[in-house]
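Take a look at the structure below.
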2 protein chains.
Amino acid sequence: MLNQAADIDQVLAALADPTRRAIVERLGSGPASVTTLAAPLPMSLPAVVQHLQVLERSGLVVSEKHGRIRTCRLDPTRLETVEQWIADRRSTWERRLDRLGEVLDKPGQQPPKAGMK
Amino acid sequence: MLNQAADIDQVLAALADPTRRAIVERLGSGPASVTTLAAPLPMSLPAVVQHLQVLERSGLVVSEKHGRIRTCRLDPTRLETVEQWIADRRSTWERRLDRLGEVLDKPGQQPPKAGMK
DNA sequence: TCAATACTTAAGCGCGGGCTTGACTGATTC
DNA sequence: GAATCAGTCAAGCCCGCGCTTAAGTATTGA
């Protein structure tokens with residue numbers, strides 16, 4: 001649970017690409033084959049396969065092959081990790097900023113050098 | 001509000017790097033100067049500055065220079081956008097998966113080919 | 001069995017990311 | 001005013017990313 005850093009790394013890097021986010025959104029409405037996923041994308045099929053490999057390495061997508069078609073679907077668990085990471089930090093910062101705001105609203109303790117109008 | 005894609009792109013790309021996440025975590029405990037941020041990092045100061053530029057372009061960090069020192073701090077608003085994006089998708093997928101689970105729990109409609117013990 | 005389908009593998013190319021070193025500017029301290 | 005400190009700018013290096021084309025492998029339907 002400490003090597004979570006590498007996981008987050010991979011998930012964020014995977015999601016940082018617009019094409020891969022498009023694939024992820026498409027998979028949000030249900031599983032799909034490689035060719036289906038590739039159809040609307042303005043690139044060759046091997047390129048899409050490479051994007052899918054990135055998504056699969058990151059754990060966001062899982063796939064299984066039946067016959068000659070590979071079906072891909074989402075696995076939301078990994079996303080939960082990242083969402084948690086972000087939410088944790090954001091709430092911490094905002095709490096900090098709120099406290100800072102309170103201090104600034106109470107003049108008399110540590111007067112800011114510039115007036116606050 | 002439609003060009004949010006580019007913003008998300010930048011924020012995710014910025015957070016996909018471990019060094020930049022370390023900077024972000026450090027800034028979570030309060031503003032800091034460039035040199036302070038660079039101190040624990042195993043790289044040259046210009047390298048850190050470049051990371052800070054990425055963070056600043058993404059909107060995660062803001063900075064201002066007083067005299068010869070530049071003070072950096074976090075701006076949580078951009079992070080909210082990404083958290084929202086992730087949360088939206090995750091909840092959608094999980095709802096989908098839940099519905100799928102319900103269907104599988106109600107045999108008689110579309111019997112799965114394998115028994116579920 | 002032959003042809004079409006659905007990938008898969010491999011090689012290669014251009015570009016940008018992350019890092020370095022070296023030289024420089026501007027603020028502060030002695 | 002010289003030395004130091006904090007940061008900036010510029011050039012260059014290396015490697016991985018995103019993409020391509022070309023050729024190969026199974027699977028499937030006629």
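Identifiers in this document derive from the order of the structure tokens: chains are assigned A, B, ..., residues are numbered from 1 separately in each chain, and ligands are numbered from 1 in order of occurrence.
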Sorted by chain and rising residue number, which residues of chain C lie within 12 Å of chain A, and what are their closest atom pairs and distances in Å to one decimal, counting only C-alpha atoms (C1' of nucleotides), as JSON lines?
{"residue": "C:DT5", "atom": "C1'", "partner": "A:Arg68", "partner_atom": "CA", "distance": 8.5}
{"residue": "C:DA6", "atom": "C1'", "partner": "A:Arg68", "partner_atom": "CA", "distance": 5.7}
{"residue": "C:DC7", "atom": "C1'", "partner": "A:Arg68", "partner_atom": "CA", "distance": 7.0}
{"residue": "C:DT8", "atom": "C1'", "partner": "A:Pro46", "partner_atom": "CA", "distance": 8.5}
{"residue": "C:DT9", "atom": "C1'", "partner": "A:Pro46", "partner_atom": "CA", "distance": 9.8}
{"residue": "C:DA10", "atom": "C1'", "partner": "A:Pro46", "partner_atom": "CA", "distance": 11.3}
(request) Dump as a PyMOL selection string the residues of chain D that approach chain A to within 12 Å, counting only C-alpha atoms (C1' of nucleotides). (result) chain D and resi 17-22+25-28
Output file for the selection above: C-alpha atoms (C1' of nucleotides), as an mmCIF file, in the first residue's frame:
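Produced file part-v1.cif, reproduced below:
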data_model
loop_
_atom_site.group_PDB
_atom_site.id
_atom_site.type_symbol
_atom_site.label_atom_id
_atom_site.label_comp_id
_atom_site.auth_asym_id
_atom_site.auth_seq_id
_atom_site.Cartn_x
_atom_site.Cartn_y
_atom_site.Cartn_z
ATOM 1 C "C1'" DC D 17 5.894 8.650 -26.406
ATOM 2 C "C1'" DG D 18 2.676 8.726 -30.166
ATOM 3 C "C1'" DC D 19 2.326 7.575 -34.507
ATOM 4 C "C1'" DT D 20 3.262 5.244 -38.963
ATOM 5 C "C1'" DT D 21 3.705 1.326 -42.445
ATOM 6 C "C1'" DA D 22 4.457 -3.441 -43.470
ATOM 7 C "C1'" DT D 25 -1.058 -14.966 -36.995
ATOM 8 C "C1'" DA D 26 -5.341 -16.845 -35.620
ATOM 9 C "C1'" DT D 27 -10.228 -17.291 -36.201
ATOM 10 C "C1'" DT D 28 -14.345 -17.476 -38.833
#
(request) Can you check which residues of chain B have any atom within 7 Å of chain A? Use only C-alpha atoms and format it as a ChimeraX atom specification. (result) /B:9,12-13,15-18,28,76,79,83,86-87,90,93-94
(request) Would you please give, as a ChimeraX atom specification, all residues of chain A that DSSP assigns to strand (DSSP E or B) based on the backbone? (result) /A:32-33,61-66,69-74
(request) Work out how far apart C1' of DT21 in chain C and CA of Leu52 in chain B are and give it in Å to one decimal. (result) 19.7 Å
(message) For a test of reading the model, state the distance in Å between C1' of DA6 in chain D and C1' of DG26 in chain C, rounded to one decimal.
(response)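 Taking C1' of DA6 in chain D and C1' of DG26 in chain C, their separation equals 9.2 Å.
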